[in-house]
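Working notes, beginning with the structure itself.
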Amino acid sequence: MVEIKTEWTADNLKKYAEFVFFRKNKFAKVMLIIFPLVFIALVIGCLAIFFLMKLFFGLIMAAVLVLFSGICFVFLRFAINEFVKNALETNGASDFDSALLSGEAIFICKNGEPVGQLSFERLASIDFDERAGAVYLSTVENAVLILEFKNIIKGSKQDLTKAVKDIYDKLPKKA
């Protein structure tokens, strides 16, 4: 059995948002590779037009493309930060502060006392994020339980990983 704190912080919510937006599915991963490559090719093409054909328009377009990419990056950062801010404001006072996990059950606890149980049928997905050092349990109601390895109270990272994999094996195949 593993006991782990489940507190939402700005840091772990930001890591979760980045995981969902950029690394969870293959399409996002492919787009994160293709878009910068296309952008670089366009900028190089615009610079080539400027230097080879002496058209000032090429330099202006290269500058516009660089400015546009900067605006897109700032917009994405702003969107993630806004998501984190709204999530913390909306769900600031949680009904629980830790969870007990075993391969058979997930118990939700407040001040070390179980106050409920999360049934496996309510889980929609389980995602491992090694980069952030966390496991994300998502329910069908779009609730997220963030289990960070650094917040383990009793047990170890291996125990948590094993318990979550046991839970994953018992989930319906839709998850």
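Residues in the structure tokens are numbered from 1 in each chain, the chains being A, B, ... in the order shown, and ligands are numbered from 1 in the order shown.
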Could you go through region 99-173 of chain A and tell me which residues DSSP, when run on the backbone, assigns to helix (DSSP H, G or I), listing them as a ChimeraX atom specification? /A:120-122,149-151,157-170
Could you take the residues named above and write them with N, CA, C and O atoms, as a compact mmCIF listing (two decimals), in the first residue's frame?
```txt
# COMPACT_ATOMS: atom_id res chain seq x y z
N PHE A 120 -12.62 1.90 -9.81
CA PHE A 120 -11.89 1.76 -11.06
C PHE A 120 -12.75 2.08 -12.27
O PHE A 120 -12.24 2.53 -13.29
N GLU A 121 -14.06 1.89 -12.17
CA GLU A 121 -14.95 2.17 -13.28
C GLU A 121 -15.00 3.66 -13.61
O GLU A 121 -15.34 4.04 -14.72
N ARG A 122 -14.69 4.51 -12.64
CA ARG A 122 -14.72 5.96 -12.86
C ARG A 122 -13.43 6.47 -13.49
O ARG A 122 -13.37 7.62 -13.92
N PHE A 149 5.88 11.56 -7.51
CA PHE A 149 6.77 10.66 -6.80
C PHE A 149 7.37 11.32 -5.56
O PHE A 149 7.59 10.67 -4.55
N LYS A 150 7.63 12.61 -5.63
CA LYS A 150 8.24 13.31 -4.50
C LYS A 150 7.29 13.47 -3.32
O LYS A 150 7.72 13.79 -2.22
N ASN A 151 6.00 13.25 -3.51
CA ASN A 151 5.00 13.41 -2.45
C ASN A 151 4.62 12.09 -1.78
O ASN A 151 3.64 12.04 -1.04
N LYS A 157 8.66 4.78 -5.03
CA LYS A 157 8.27 5.02 -6.42
C LYS A 157 7.90 3.69 -7.08
O LYS A 157 6.93 3.62 -7.82
N GLN A 158 8.67 2.66 -6.81
CA GLN A 158 8.39 1.35 -7.39
C GLN A 158 7.06 0.79 -6.90
O GLN A 158 6.30 0.19 -7.67
N ASP A 159 6.76 0.99 -5.59
CA ASP A 159 5.48 0.54 -5.05
C ASP A 159 4.32 1.27 -5.72
O ASP A 159 3.30 0.67 -6.06
N LEU A 160 4.47 2.60 -5.90
CA LEU A 160 3.43 3.39 -6.56
C LEU A 160 3.24 2.93 -8.00
O LEU A 160 2.11 2.72 -8.45
N THR A 161 4.33 2.75 -8.72
CA THR A 161 4.26 2.30 -10.11
C THR A 161 3.58 0.94 -10.21
O THR A 161 2.72 0.73 -11.06
N LYS A 162 3.94 0.04 -9.31
CA LYS A 162 3.33 -1.30 -9.32
C LYS A 162 1.84 -1.22 -9.01
O LYS A 162 1.02 -1.86 -9.68
N ALA A 163 1.47 -0.42 -8.00
CA ALA A 163 0.05 -0.29 -7.64
C ALA A 163 -0.76 0.29 -8.79
O ALA A 163 -1.85 -0.18 -9.10
N VAL A 164 -0.21 1.31 -9.45
CA VAL A 164 -0.92 1.94 -10.57
C VAL A 164 -1.02 0.97 -11.75
O VAL A 164 -2.06 0.90 -12.42
N LYS A 165 0.02 0.20 -12.00
CA LYS A 165 -0.04 -0.78 -13.09
C LYS A 165 -1.05 -1.88 -12.77
O LYS A 165 -1.75 -2.35 -13.67
N ASP A 166 -1.14 -2.27 -11.51
CA ASP A 166 -2.16 -3.25 -11.12
C ASP A 166 -3.55 -2.68 -11.34
O ASP A 166 -4.46 -3.38 -11.80
N ILE A 167 -3.73 -1.40 -11.00
CA ILE A 167 -5.02 -0.74 -11.22
C ILE A 167 -5.31 -0.67 -12.72
O ILE A 167 -6.43 -0.95 -13.16
N TYR A 168 -4.30 -0.32 -13.52
CA TYR A 168 -4.48 -0.23 -14.97
C TYR A 168 -4.91 -1.57 -15.56
O TYR A 168 -5.76 -1.61 -16.45
N ASP A 169 -4.34 -2.66 -15.05
CA ASP A 169 -4.70 -3.98 -15.56
C ASP A 169 -6.16 -4.33 -15.27
O ASP A 169 -6.75 -5.13 -15.99
N LYS A 170 -6.74 -3.73 -14.23
CA LYS A 170 -8.13 -4.03 -13.86
C LYS A 170 -9.12 -3.08 -14.51
O LYS A 170 -10.33 -3.26 -14.38
```
Residues near region 37-52 of chain A, cut-off 8 Å, only C-alpha atoms, skip fewer than 3 positions along chain, as a PDB file with N, CA and C atoms, in the first residue's frame:
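Done, and the output landed in part28.pdb:
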```
ATOM      1  N   ILE A  33       7.152  18.830 -33.833  1.00  0.00           N
ATOM      2  CA  ILE A  33       8.361  18.661 -34.656  1.00  0.00           C
ATOM      3  C   ILE A  33       8.171  19.330 -36.013  1.00  0.00           C
ATOM      4  N   ILE A  34       7.008  19.125 -36.628  1.00  0.00           N
ATOM      5  CA  ILE A  34       6.772  19.628 -37.986  1.00  0.00           C
ATOM      6  C   ILE A  34       6.664  21.151 -38.037  1.00  0.00           C
ATOM      7  N   LEU A  55      15.196  41.461 -52.836  1.00  0.00           N
ATOM      8  CA  LEU A  55      13.836  41.919 -52.583  1.00  0.00           C
ATOM      9  C   LEU A  55      13.684  42.157 -51.076  1.00  0.00           C
ATOM     10  N   PHE A  56      13.437  43.394 -50.719  1.00  0.00           N
ATOM     11  CA  PHE A  56      13.296  43.766 -49.312  1.00  0.00           C
ATOM     12  C   PHE A  56      12.091  43.073 -48.668  1.00  0.00           C
ATOM     13  N   PHE A  57      11.129  42.694 -49.507  1.00  0.00           N
ATOM     14  CA  PHE A  57       9.934  42.002 -49.044  1.00  0.00           C
ATOM     15  C   PHE A  57      10.296  40.701 -48.309  1.00  0.00           C
ATOM     16  N   GLY A  58      11.329  39.997 -48.769  1.00  0.00           N
ATOM     17  CA  GLY A  58      11.766  38.752 -48.136  1.00  0.00           C
ATOM     18  C   GLY A  58      12.210  38.978 -46.699  1.00  0.00           C
ATOM     19  N   LEU A  59      12.927  40.057 -46.462  1.00  0.00           N
ATOM     20  CA  LEU A  59      13.386  40.376 -45.109  1.00  0.00           C
ATOM     21  C   LEU A  59      12.199  40.747 -44.211  1.00  0.00           C
ATOM     22  N   MET A  61       9.094  39.721 -44.562  1.00  0.00           N
ATOM     23  CA  MET A  61       8.337  38.484 -44.282  1.00  0.00           C
ATOM     24  C   MET A  61       9.053  37.614 -43.254  1.00  0.00           C
ATOM     25  N   ALA A  62      10.380  37.547 -43.312  1.00  0.00           N
ATOM     26  CA  ALA A  62      11.132  36.779 -42.311  1.00  0.00           C
ATOM     27  C   ALA A  62      10.912  37.377 -40.928  1.00  0.00           C
ATOM     28  N   LEU A  65       7.404  36.528 -39.740  1.00  0.00           N
ATOM     29  CA  LEU A  65       7.317  35.131 -39.310  1.00  0.00           C
ATOM     30  C   LEU A  65       7.933  34.934 -37.929  1.00  0.00           C
ATOM     31  N   VAL A  66       9.069  35.548 -37.680  1.00  0.00           N
ATOM     32  CA  VAL A  66       9.711  35.437 -36.368  1.00  0.00           C
ATOM     33  C   VAL A  66       8.818  36.077 -35.301  1.00  0.00           C
TER      34      VAL A  66
END
```
Surrounding residues of region 97-99 of chain A excluding itself and chain neighbours under 2 positions, 8 Å, only C-alpha atoms, as a compact mmCIF listing (two decimals) with C-alpha atoms, in the first residue's frame:
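Result went into selection.txt, see below:
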```
# COMPACT_ATOMS: atom_id res chain seq x y z
CA GLU A 3 0.23 6.70 0.76
CA ILE A 4 0.78 9.87 -1.25
CA LYS A 5 -0.12 13.55 -0.91
CA THR A 6 -2.40 14.73 -3.72
CA GLU A 7 -2.18 18.48 -3.33
CA SER A 94 -10.12 20.15 -1.73
CA ASP A 95 -12.17 17.57 0.16
CA LEU A 101 -3.25 3.11 -3.34
CA ILE A 106 -7.84 3.77 -4.24
CA PHE A 107 -8.87 5.37 -0.96
CA ILE A 108 -9.20 9.15 -0.74
CA CYS A 109 -8.11 10.56 2.65
CA LYS A 110 -8.42 13.77 4.62
CA ASN A 111 -5.96 14.23 7.51
CA GLY A 112 -4.91 10.58 7.23
```
Out of region 7-172 of chain A, which residues get strand (DSSP E) from DSSP, as a ChimeraX atom specification? /A:98-101,106-110,113-118,123-129,134-139,144-148,152-154
CA of Arg77 (chain A) and CA of Lys29 (chain A), how far apart in Å?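 Taking CA of Lys29 (chain A) and CA of Arg77 (chain A), their separation equals 17.2 Å.
Ranking A:Leu171, A:Leu147, A:Val2, A:Val20 by their shortest atom-to-atom distance to Phe83 (chain A), with only C-alpha atoms included, puts A:Val20 first.
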Between A:Ser102, A:Ser125, A:Asn86, A:Asn12, which is the closest to Gly155 (chain A) once you count only C-alpha atoms?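 The shortest atom-to-atom distance to Gly155 (chain A) comes from A:Ser102.
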Might you pull out every residue within 9 Å of Lys14 (chain A), with only C-alpha atoms counted and same-chain residues fewer than 4 positions away left off, and present them as a compact mmCIF listing (two decimals) with C-alpha atoms, in the first residue's frame?
```txt
# COMPACT_ATOMS: atom_id res chain seq x y z
CA THR A 9 0.14 23.28 -6.84
CA ALA A 10 0.88 25.73 -9.62
CA GLU A 18 2.16 20.70 -20.62
CA PHE A 19 1.89 16.91 -20.59
CA ILE A 80 -1.25 27.28 -19.78
CA ASN A 81 -0.80 29.84 -16.99
CA PHE A 83 -5.52 27.20 -17.04
CA VAL A 84 -3.39 26.74 -13.91
```
Quick one: pull the distance between CA of Leu32 (chain A) and CA of Phe75 (chain A), Å, one decimal. 15.3 Å
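Taking CA of Phe22 (chain A) and CA of Ile71 (chain A) as endpoints, the distance between them is 17.7 Å.
Of the listed residues A:Val135, A:Glu104, A:Leu88, A:Val140, the one whose atoms come nearest to Asp11 (chain A) is A:Leu88, with distances taken using only C-alpha atoms.
Considering only C-alpha atoms, the residue among A:Gly133, A:Ile146, A:Ala124, A:Pro36 positioned nearest to Phe73 (chain A) is A:Pro36.
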For Ser138 (chain A), work out the shell of residues within 8 Å, counting only C-alpha atoms and skipping chain neighbours fewer than 4 positions away, then give it as a ChimeraX atom specification. /A:123-126,142-145
I need the residues from that last selection saved to file as a PDB file, in the first residue's frame (with C-alpha atoms), if you can.
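The resulting file, part24.pdb, is shown below:
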```
ATOM      1  CA  LEU A 123     -11.132   6.077 -14.160  1.00  0.00           C
ATOM      2  CA  ALA A 124     -10.865   7.168 -17.781  1.00  0.00           C
ATOM      3  CA  SER A 125      -7.085   7.101 -18.167  1.00  0.00           C
ATOM      4  CA  ILE A 126      -3.813   6.562 -16.361  1.00  0.00           C
ATOM      5  CA  ASN A 142     -12.586  15.021 -16.020  1.00  0.00           C
ATOM      6  CA  ALA A 143     -11.229  15.117 -12.473  1.00  0.00           C
ATOM      7  CA  VAL A 144      -7.488  14.559 -12.164  1.00  0.00           C
ATOM      8  CA  LEU A 145      -5.548  12.967  -9.340  1.00  0.00           C
TER       9      LEU A 145
END
```
Could you check which of A:Gly70, A:Glu148, A:Leu76, A:Ala63 is closest to Glu130 (chain A), using only C-alpha atoms? A:Glu148
